[in-house]
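For reference, run-v3.txt is printed below; it contains compact mmCIF, C-alpha atoms and all ligand atoms.
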```
# COMPACT_ATOMS: atom_id res chain seq x y z
CA MET A 1 -4.51 12.15 16.94
CA ASP A 2 -4.60 15.85 17.77
CA ARG A 3 -7.84 17.68 18.50
CA GLN A 4 -8.11 19.28 15.05
CA ASP A 5 -7.59 15.99 13.17
CA TYR A 6 -10.05 14.29 15.51
CA MET A 7 -12.76 16.89 14.83
CA ALA A 8 -12.20 16.51 11.08
CA TRP A 9 -12.42 12.72 11.42
CA LEU A 10 -15.58 12.96 13.51
CA SER A 11 -17.28 15.25 10.99
CA GLN A 12 -17.02 12.51 8.34
CA ILE A 13 -19.30 10.17 10.31
CA ASP A 14 -22.31 11.74 8.59
CA GLU A 15 -21.07 10.38 5.27
CA LEU A 16 -21.04 6.73 6.41
CA SER A 17 -23.56 4.28 4.98
CA ALA A 18 -25.75 2.26 7.34
CA GLU A 19 -23.50 -0.79 6.89
CA GLN A 20 -20.36 1.24 7.50
CA ARG A 21 -21.87 2.63 10.73
CA VAL A 22 -22.43 -0.87 12.09
CA GLU A 23 -18.90 -1.90 11.13
CA ALA A 24 -17.37 1.27 12.61
CA GLY A 25 -19.37 0.70 15.81
CA ARG A 26 -17.86 -2.75 16.16
CA ALA A 27 -14.35 -1.46 15.52
CA LEU A 28 -14.82 1.29 18.15
CA ALA A 29 -16.10 -1.25 20.65
CA GLY A 30 -12.85 -3.14 20.11
CA GLN A 31 -14.59 -6.28 18.88
CA PRO A 32 -14.07 -6.47 15.15
CA SER A 33 -16.22 -9.29 13.96
CA LEU A 34 -15.79 -11.71 11.11
CA GLU A 35 -17.71 -9.24 8.92
CA ALA A 36 -15.18 -6.50 9.67
CA VAL A 37 -12.29 -8.78 8.69
CA VAL A 38 -14.12 -10.03 5.63
CA GLY A 39 -15.05 -6.46 4.62
CA LEU A 40 -11.39 -5.52 4.74
CA LEU A 41 -10.37 -8.55 2.72
CA GLU A 42 -13.14 -8.10 0.16
CA GLU A 43 -11.74 -4.64 -0.64
CA ARG A 44 -9.00 -6.46 -2.53
CA ILE A 45 -11.40 -7.53 -5.26
CA GLY A 46 -12.24 -3.95 -6.21
CA ALA A 47 -14.75 -2.79 -8.77
CA GLU A 48 -13.09 -4.58 -11.68
CA ARG A 49 -13.47 -8.05 -10.10
CA ARG A 50 -10.44 -9.40 -11.90
CA CYS A 51 -10.14 -13.19 -12.12
CA PRO A 52 -6.86 -14.46 -10.58
CA HIS A 53 -6.91 -17.47 -12.94
CA CYS A 54 -7.20 -15.74 -16.33
CA THR A 55 -7.05 -11.98 -15.42
CA ALA A 56 -10.39 -11.27 -17.16
CA GLU A 57 -12.48 -8.58 -15.47
CA GLY A 58 -16.15 -8.51 -14.58
CA ALA A 59 -16.67 -11.71 -12.58
CA VAL A 60 -20.16 -12.15 -11.08
CA ILE A 61 -20.98 -12.91 -7.44
CA ARG A 62 -22.24 -16.43 -7.03
CA GLY A 63 -23.09 -17.13 -3.39
CA GLN A 64 -20.74 -17.50 -0.47
CA SER A 65 -18.28 -20.05 0.75
CA ASN A 66 -16.39 -20.12 4.06
CA GLY A 67 -17.72 -16.66 4.90
CA LEU A 68 -16.30 -15.09 1.75
CA ARG A 69 -18.10 -14.05 -1.43
CA ARG A 70 -17.67 -16.51 -4.25
CA TYR A 71 -17.02 -15.01 -7.69
CA PHE A 72 -17.61 -16.74 -11.01
CA CYS A 73 -15.49 -15.81 -14.02
CA ARG A 74 -17.36 -16.00 -17.31
CA GLY A 75 -14.05 -15.98 -19.18
CA CYS A 76 -12.60 -19.22 -17.85
CA GLY A 77 -15.56 -20.67 -15.96
CA LYS A 78 -13.64 -20.91 -12.65
CA THR A 79 -14.65 -19.54 -9.27
CA PHE A 80 -12.53 -17.60 -6.80
CA ASN A 81 -12.72 -15.51 -3.64
CA CYS A 82 -10.71 -12.53 -2.40
CA LEU A 83 -7.96 -14.75 -1.03
CA THR A 84 -7.54 -17.11 -3.99
CA GLY A 85 -3.92 -17.20 -5.07
CA THR A 86 -2.65 -15.56 -1.87
CA PRO A 87 -0.85 -17.27 1.02
CA LEU A 88 -3.94 -16.56 3.15
CA ALA A 89 -6.21 -18.80 1.06
CA ARG A 90 -7.92 -21.60 2.97
CA LEU A 91 -6.78 -20.50 6.44
CA ARG A 92 -9.52 -20.92 9.06
CA TYR A 93 -10.76 -18.79 11.99
CA LYS A 94 -10.72 -15.53 9.99
CA GLU A 95 -12.75 -13.85 12.75
CA ARG A 96 -9.59 -14.00 14.88
CA TRP A 97 -7.37 -12.29 12.34
CA THR A 98 -7.87 -8.82 13.78
CA ALA A 99 -6.59 -10.09 17.12
CA PHE A 100 -3.73 -11.65 15.20
CA GLY A 101 -3.08 -8.32 13.42
CA ALA A 102 -2.87 -6.66 16.85
CA SER A 103 -0.41 -9.31 17.97
CA MET A 104 1.75 -8.73 14.88
CA SER A 105 1.69 -4.99 15.37
CA GLU A 106 3.01 -5.48 18.89
CA GLY A 107 5.71 -7.89 17.75
CA GLU A 108 4.51 -10.71 20.03
CA THR A 109 6.05 -14.15 20.23
CA VAL A 110 4.23 -17.21 18.84
CA ALA A 111 3.12 -18.30 22.32
CA ALA A 112 1.65 -14.88 23.15
CA ALA A 113 -0.09 -14.68 19.75
CA ALA A 114 -1.61 -18.15 20.24
CA GLN A 115 -2.96 -17.19 23.64
CA ARG A 116 -4.40 -13.87 22.45
CA CYS A 117 -6.16 -15.48 19.47
CA GLY A 118 -7.25 -18.68 21.23
CA VAL A 119 -5.55 -20.96 18.72
CA ALA A 120 -2.86 -23.63 18.94
CA GLY A 121 0.79 -22.56 18.83
CA SER A 122 1.19 -24.39 15.53
CA THR A 123 -1.69 -22.36 14.06
CA ALA A 124 -0.20 -19.07 15.28
CA PHE A 125 3.13 -20.09 13.76
CA ARG A 126 1.51 -20.98 10.42
CA TRP A 127 -0.45 -17.73 10.37
CA ARG A 128 2.64 -15.67 11.07
CA HIS A 129 4.54 -17.11 8.14
CA ARG A 130 1.58 -17.03 5.75
CA PHE A 131 0.86 -13.41 6.69
CA LEU A 132 4.48 -12.38 6.33
CA ARG A 133 4.72 -14.10 2.96
CA ALA A 134 1.68 -12.11 1.88
CA VAL A 135 2.93 -8.79 3.20
CA SER A 136 4.16 -6.52 0.50
CA SER A 137 5.73 -3.14 0.60
CA GLY A 138 5.67 0.03 -1.41
CA VAL A 139 8.43 1.14 -3.73
CA VAL A 140 10.83 3.48 -2.01
CA LYS A 141 13.44 5.88 -3.40
CA LEU A 142 16.30 6.93 -1.18
CA ARG A 143 17.38 10.51 -1.87
CA GLY A 144 19.98 13.01 -0.76
CA ILE A 145 22.30 11.75 1.98
CA VAL A 146 21.86 7.96 2.07
CA GLU A 147 23.53 6.01 4.84
CA ALA A 148 24.27 2.35 4.21
CA ASP A 149 25.79 -0.19 6.56
CA GLU A 150 25.61 -3.90 7.07
CA THR A 151 25.03 -5.70 10.32
CA PHE A 152 25.33 -9.38 11.18
CA VAL A 153 22.45 -11.38 12.55
CA LEU A 154 22.99 -14.67 14.30
CA ALA A 155 21.48 -17.33 12.05
CA SER A 156 19.94 -20.46 13.44
CA ARG A 157 19.30 -23.74 11.73
CA LYS A 158 16.34 -24.43 13.94
CA GLY A 159 14.12 -27.20 12.68
CA GLU A 160 16.73 -28.70 10.37
CA ARG A 161 17.27 -32.39 11.03
CA HIS A 162 20.78 -32.95 9.78
CA LEU A 163 23.22 -30.48 11.21
CA ASP A 164 26.87 -30.64 10.21
CA ARG A 165 27.78 -29.22 13.60
CA LYS A 166 26.71 -29.71 17.20
CA PRO A 167 23.29 -28.20 17.94
CA ARG A 168 23.42 -24.88 19.75
CA LYS A 169 20.97 -23.79 22.43
CA ARG A 170 18.51 -21.32 20.97
CA GLY A 171 19.53 -17.71 21.15
CA GLY A 172 23.13 -18.78 21.84
CA LYS A 173 26.30 -17.12 20.66
CA ALA A 174 28.25 -17.96 17.50
CA SER A 175 31.17 -20.23 18.28
CA LYS A 176 33.53 -18.00 16.29
CA ARG A 177 33.73 -14.26 16.67
CA GLY A 178 33.21 -11.94 13.73
CA LEU A 179 32.36 -13.04 10.23
CA SER A 180 31.55 -16.74 10.02
CA ASP A 181 28.93 -18.87 8.35
CA GLU A 182 26.80 -18.59 11.47
CA ARG A 183 26.22 -14.88 10.95
CA VAL A 184 24.02 -13.59 8.17
CA PRO A 185 24.69 -10.10 6.79
CA VAL A 186 21.75 -7.71 6.57
CA LEU A 187 22.14 -4.43 4.68
CA VAL A 188 20.23 -1.42 5.95
CA ALA A 189 20.13 1.84 3.96
CA ALA A 190 18.22 4.96 5.00
CA ASP A 191 17.95 8.55 3.90
CA ARG A 192 17.36 11.54 6.16
CA SER A 193 13.61 11.59 5.51
CA GLY A 194 13.39 8.23 7.29
CA SER A 195 12.83 6.07 4.20
CA THR A 196 14.51 2.75 4.89
CA VAL A 197 15.41 -0.34 2.89
CA SER A 198 16.83 -3.57 4.23
CA ALA A 199 17.74 -6.92 2.74
CA VAL A 200 19.47 -10.15 3.66
CA LEU A 201 22.75 -10.27 1.71
CA PRO A 202 24.15 -13.50 0.23
CA SER A 203 27.56 -12.02 1.10
CA VAL A 204 29.11 -8.61 1.82
CA CYS A 205 30.47 -8.03 -1.67
CA ALA A 206 30.05 -5.02 -3.98
CA ALA A 207 27.76 -6.92 -6.38
CA ALA A 208 25.34 -8.04 -3.63
CA ILE A 209 25.11 -4.53 -2.16
CA GLU A 210 24.68 -3.01 -5.63
CA ALA A 211 21.79 -5.40 -6.37
CA VAL A 212 19.92 -4.11 -3.31
CA LEU A 213 20.70 -0.41 -3.82
CA ARG A 214 20.33 -0.07 -7.61
CA PRO A 215 16.51 -0.10 -7.73
CA VAL A 216 16.08 2.25 -4.75
CA LEU A 217 18.91 4.79 -4.97
CA GLY A 218 18.13 8.15 -6.59
CA LYS A 219 20.78 9.50 -8.99
CA ASP A 220 21.24 12.53 -6.71
CA ALA A 221 22.13 10.30 -3.74
CA LEU A 222 25.26 10.85 -1.70
CA LEU A 223 26.16 7.47 -0.27
CA VAL A 224 27.75 7.55 3.19
CA THR A 225 29.37 4.38 4.54
CA ASP A 226 32.12 3.15 6.80
CA GLY A 227 35.44 1.99 5.42
CA CYS A 228 34.27 -1.45 4.23
CA THR A 229 36.04 -2.08 0.91
CA SER A 230 32.87 -3.29 -0.85
CA TYR A 231 31.33 0.19 -1.00
CA PRO A 232 33.71 2.13 -3.33
CA PRO A 233 33.29 -0.26 -6.32
CA CYS A 234 29.55 -0.44 -5.56
CA ALA A 235 29.18 3.38 -5.59
CA ALA A 236 31.25 3.57 -8.79
CA ALA A 237 29.02 0.97 -10.49
CA LEU A 238 25.92 2.88 -9.39
CA GLY A 239 27.37 6.22 -10.51
CA VAL A 240 26.63 8.00 -7.22
CA SER A 241 28.86 10.18 -5.02
CA HIS A 242 30.35 8.40 -2.03
CA GLU A 243 31.83 9.57 1.27
CA VAL A 244 33.65 7.25 3.65
CA LEU A 245 33.83 7.75 7.40
CA ASN A 246 36.96 6.26 8.87
CA GLN A 247 35.28 4.86 11.96
CA THR A 248 38.20 2.69 13.01
CA ALA A 249 40.21 5.95 13.37
CA GLY A 250 37.39 7.34 15.52
CA GLU A 251 35.72 9.44 12.81
CA ARG A 252 32.02 9.12 13.67
CA MET A 253 30.88 12.30 12.04
CA ARG A 254 32.10 14.80 9.42
CA GLY A 255 29.87 17.83 9.04
CA ASP A 256 26.43 16.46 8.18
CA LEU A 257 27.79 13.03 7.39
CA HIS A 258 27.34 10.12 9.77
CA ILE A 259 25.78 6.64 9.73
CA GLN A 260 23.94 6.91 13.04
CA THR A 261 20.50 6.57 11.42
CA VAL A 262 21.24 3.09 10.02
CA ASN A 263 23.12 2.09 13.14
CA SER A 264 20.10 2.90 15.29
CA ARG A 265 17.93 0.89 12.82
CA HIS A 266 20.36 -2.01 13.32
CA GLU A 267 19.88 -1.81 17.07
CA ARG A 268 16.09 -1.83 16.79
CA LEU A 269 16.20 -4.75 14.37
CA LYS A 270 18.41 -6.71 16.75
CA ASP A 271 16.20 -5.90 19.75
CA PHE A 272 13.21 -7.15 17.79
CA LEU A 273 14.95 -10.35 16.68
CA ARG A 274 16.23 -10.99 20.20
CA ARG A 275 12.63 -11.16 21.41
CA HIS A 276 12.04 -14.08 19.01
CA ARG A 277 15.07 -16.02 20.10
CA GLY A 278 16.84 -18.24 17.61
CA ILE A 279 15.21 -17.37 14.30
CA ALA A 280 15.83 -19.86 11.50
CA THR A 281 17.84 -18.36 8.65
CA LYS A 282 15.21 -19.36 6.12
CA TYR A 283 12.69 -17.15 7.95
CA LEU A 284 14.96 -14.13 8.36
CA ASP A 285 13.49 -12.46 5.28
CA SER A 286 10.00 -12.85 6.78
CA TYR A 287 11.12 -11.25 10.01
CA LEU A 288 12.63 -8.34 8.07
CA ARG A 289 9.21 -7.82 6.48
CA TRP A 290 7.65 -7.86 9.91
CA TYR A 291 10.22 -5.34 11.16
CA HIS A 292 9.31 -3.00 8.29
CA LEU A 293 5.60 -3.58 8.67
CA ALA A 294 5.17 -3.19 12.40
CA ILE A 295 8.33 -2.34 14.28
CA LEU A 296 9.78 0.59 12.29
CA PRO A 297 6.42 2.44 12.06
CA ARG A 298 5.93 1.76 15.83
CA ALA A 299 2.76 -0.27 16.45
CA PRO A 300 0.54 0.39 13.41
CA SER A 301 -3.17 -0.43 13.75
CA PRO A 302 -4.19 -4.10 13.43
CA ARG A 303 -6.22 -2.98 10.41
CA ALA A 304 -3.11 -1.64 8.72
CA VAL A 305 -1.31 -4.93 9.39
CA LEU A 306 -4.18 -6.97 7.93
CA ALA A 307 -4.49 -4.66 4.95
CA ALA A 308 -0.78 -5.03 4.21
CA ALA A 309 -1.03 -8.80 4.57
CA ALA A 310 -4.06 -8.93 2.32
CA GLY A 311 -1.79 -7.53 -0.38
CA MET A 312 -3.35 -4.15 -0.91
CA LEU A 313 0.03 -2.54 -1.35
CA ASN A 314 2.47 -3.10 -4.22
CA VAL A 315 4.52 -6.26 -4.23
CA ARG A 316 8.27 -6.06 -4.35
CA PRO A 317 9.85 -9.15 -2.86
CA ALA A 318 13.57 -8.60 -3.62
CA CYS A 319 14.23 -6.26 -0.75
CA ILE A 320 12.03 -4.84 1.91
CA ALA A 321 11.43 -1.17 2.25
CA ASN A 322 9.27 1.38 3.87
CA ALA A 323 8.93 5.12 3.87
CA ASN A 324 7.77 6.64 7.10
ZN ZN B 401 -11.10 -16.38 -15.30
```

Output the file's structure as structure tokens, nothing else.
Amino acid sequence: MDRQDYMAWLSQIDELSAEQRVEAGRALAGQPSLEAVVGLLEERIGAERRCPHCTAEGAVIRGQSNGLRRYFCRGCGKTFNCLTGTPLARLRYKERWTAFGASMSEGETVAAAAQRCGVAGSTAFRWRHRFLRAVSSGVVKLRGIVEADETFVLASRKGERHLDRKPRKRGGKASKRGLSDERVPVLVAADRSGSTVSAVLPSVCAAAIEAVLRPVLGKDALLVTDGCTSYPPCAAALGVSHEVLNQTAGERMRGDLHIQTVNSRHERLKDFLRRHRGIATKYLDSYLRWYHLAILPRAPSPRAVLAAAAGMLNVRPACIANAN
């Protein structure tokens, strides 16, 4: 934070309530307590106190349970807390979630996360997947020059009991080069403002690419791709202009047109995945969420990670996007 922003931030301290001062003090001391985590989570409920069972508003507070406020809905007579209906419901050791948020923001492995939070590896693993299931992302529009390119990620069938091939050592290489059923295609599209969308593709066909791009591509977009034959019919179906770079003939750039932005995103995604050797295919989507949450924005605050996981942003599960 530069000096001017810092002074502006500091001047707002006078507006804090007594409770907020205590909480801010803890955060500054680097020891966010259970109350700090709970305070963050309770923000989800908001002033309307909407019941997750029947969507009626105006629930009343009725005591506490497991450190969280218990709400009673007069509409349906059921109780709930701020995590009811989310993947984070009923997880224990909430006071360690800020440490876990820090671990997520640094892209740590399960073993490192377990050590940092003082929990078993199995708990750290469960948390990771519950948090990533909960993480949601904002709606993004890609405008102007939009680069799109697919990359292939080595898929693992880790944890599956009945393999129809010989098991491979984790992090190993595909037995066949190029496109095979051991490589999963991931589409990455980005515009020049840095807004990025990525999604696991069922296959590299025009229809699959169109399904990812249709909700996010502005009508004014100029799609730039390599010579893959799936893109022309996709661009035609979407009704956007399309320029092809003939990379196999050595054409990396034509005027302003190139696909270096998405290719550098591919590299960062692969670096990140490499750290977590041998990711199971079924979890690839979760890891893409993580990449968008914590790796693309470069180490966001643990608070931001927890807030995203607590579902304070809009939900859009089909593909994963973020605007930086
Ligand atoms: Zn209700």

Which residues of chain A come within 12 Å of ligand ZN 401 (chain B), and for each one, what is the closest pair of atoms and their distance in Å to one decimal, counting only C-alpha atoms and all ligand atoms, sorted by chain and residue number, as JSON lines?
```
{"residue": "A:Arg49", "atom": "CA", "partner": "B:ZN401", "partner_atom": "ZN", "distance": 10.1}
{"residue": "A:Arg50", "atom": "CA", "partner": "B:ZN401", "partner_atom": "ZN", "distance": 7.8}
{"residue": "A:Cys51", "atom": "CA", "partner": "B:ZN401", "partner_atom": "ZN", "distance": 4.6}
{"residue": "A:Pro52", "atom": "CA", "partner": "B:ZN401", "partner_atom": "ZN", "distance": 6.6}
{"residue": "A:His53", "atom": "CA", "partner": "B:ZN401", "partner_atom": "ZN", "distance": 4.9}
{"residue": "A:Cys54", "atom": "CA", "partner": "B:ZN401", "partner_atom": "ZN", "distance": 4.1}
{"residue": "A:Thr55", "atom": "CA", "partner": "B:ZN401", "partner_atom": "ZN", "distance": 6.0}
{"residue": "A:Ala56", "atom": "CA", "partner": "B:ZN401", "partner_atom": "ZN", "distance": 5.5}
{"residue": "A:Glu57", "atom": "CA", "partner": "B:ZN401", "partner_atom": "ZN", "distance": 7.9}
{"residue": "A:Gly58", "atom": "CA", "partner": "B:ZN401", "partner_atom": "ZN", "distance": 9.4}
{"residue": "A:Ala59", "atom": "CA", "partner": "B:ZN401", "partner_atom": "ZN", "distance": 7.8}
{"residue": "A:Val60", "atom": "CA", "partner": "B:ZN401", "partner_atom": "ZN", "distance": 10.9}
{"residue": "A:Tyr71", "atom": "CA", "partner": "B:ZN401", "partner_atom": "ZN", "distance": 9.7}
{"residue": "A:Phe72", "atom": "CA", "partner": "B:ZN401", "partner_atom": "ZN", "distance": 7.8}
{"residue": "A:Cys73", "atom": "CA", "partner": "B:ZN401", "partner_atom": "ZN", "distance": 4.6}
{"residue": "A:Arg74", "atom": "CA", "partner": "B:ZN401", "partner_atom": "ZN", "distance": 6.6}
{"residue": "A:Gly75", "atom": "CA", "partner": "B:ZN401", "partner_atom": "ZN", "distance": 4.9}
{"residue": "A:Cys76", "atom": "CA", "partner": "B:ZN401", "partner_atom": "ZN", "distance": 4.1}
{"residue": "A:Gly77", "atom": "CA", "partner": "B:ZN401", "partner_atom": "ZN", "distance": 6.2}
{"residue": "A:Lys78", "atom": "CA", "partner": "B:ZN401", "partner_atom": "ZN", "distance": 5.8}
{"residue": "A:Thr79", "atom": "CA", "partner": "B:ZN401", "partner_atom": "ZN", "distance": 7.7}
{"residue": "A:Phe80", "atom": "CA", "partner": "B:ZN401", "partner_atom": "ZN", "distance": 8.7}
{"residue": "A:Asn81", "atom": "CA", "partner": "B:ZN401", "partner_atom": "ZN", "distance": 11.8}
{"residue": "A:Thr84", "atom": "CA", "partner": "B:ZN401", "partner_atom": "ZN", "distance": 11.9}
```

- Task: Check the smallest atom-to-atom distance from each of A:Ala112, A:Val305, A:Ala120, A:Ala47 to A:Arg289 using all atoms listed in the file, then report the winner.
- Result: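 Nearest to A:Arg289: A:Val305.
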
- Task: Grab the atom CA of A:Gly46 to atom CA of A:Leu68 distance for me, in Å with one decimal place.
- Result: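 Those two atoms sit 14.3 Å apart.
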
- Task: May I have the residues within 10 Å of stretch 261-272 of chain A as number ranges by chain, using all atoms listed in the file and disregarding those fewer than 4 positions away in the same chain?
- Result: A: 107-108, 146-154, 186-192, 194, 196-198, 225, 276-277, 287-288, 290-292, 295-296

- Rounded to one decimal in Å, what is the spacing between atom CA of A:Leu257 and atom CA of A:Ser230? 19.0 Å

- Item | Spatial neighbours of A:Ala124, max dist 10 Å, only C-alpha atoms, sep filter under 5 positions, as a list in words |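 Near A:Ala124, the qualifying residues are Phe100, Thr109, Val110, Ala111, Ala112, Ala113, Ala114, Gln115, Arg116, Cys117, Gly118, Val119, His129 and Arg130 of chain A.
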
- Query: By how many Å are atom CA of A:Leu41 and atom CA of A:Leu306 apart?
  - Reply: 8.2 Å

- Item | Proximity to A:Pro87 - best of A:Ala309, A:Leu223, A:Gly101, A:Leu238, only C-alpha atoms |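 Comparing A:Ala309, A:Leu223, A:Gly101, A:Leu238 against A:Pro87, the winner is A:Ala309.
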
- Message: Between A:Ile209, A:Met104, A:Val140, A:Val37, which residue has the minimum interatomic distance to A:Arg128, considering all atoms listed in the file?
- Response: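 Smallest separation from A:Arg128 among the options: A:Met104.
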
- Message: So, with all atoms listed in the file as the atoms that count, which of A:Pro215, A:Leu293, A:Leu83, A:Gly144 lies closest to A:His242?
- Response: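 Of all the options, A:Gly144 lies closest to A:His242.
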
- Message: For a quick check of understanding, using all atoms listed in the file, which of A:Arg274, A:Glu243, A:Leu91, A:Asp285 has the smallest distance to A:Val184?
- Response: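 Among A:Arg274, A:Glu243, A:Leu91, A:Asp285, it is A:Asp285 that comes nearest to A:Val184.
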
Adding 3 Å on each side of the box along x, y and z that holds all listed atoms of stretch 188-201 of chain A, could you give its centre and edge lengths in Å to one decimal, as lines of an AutoDock Vina configuration file?
```
center_x = 17.8
center_y = 0.7
center_z = 4.5
size_x = 15.9
size_y = 27.9
size_z = 11.6
```

- Across A:Glu95, A:Asp220, A:Glu42, A:Glu210, the smallest distance to A:Leu142, with all atoms listed in the file counted, is shown by A:Asp220
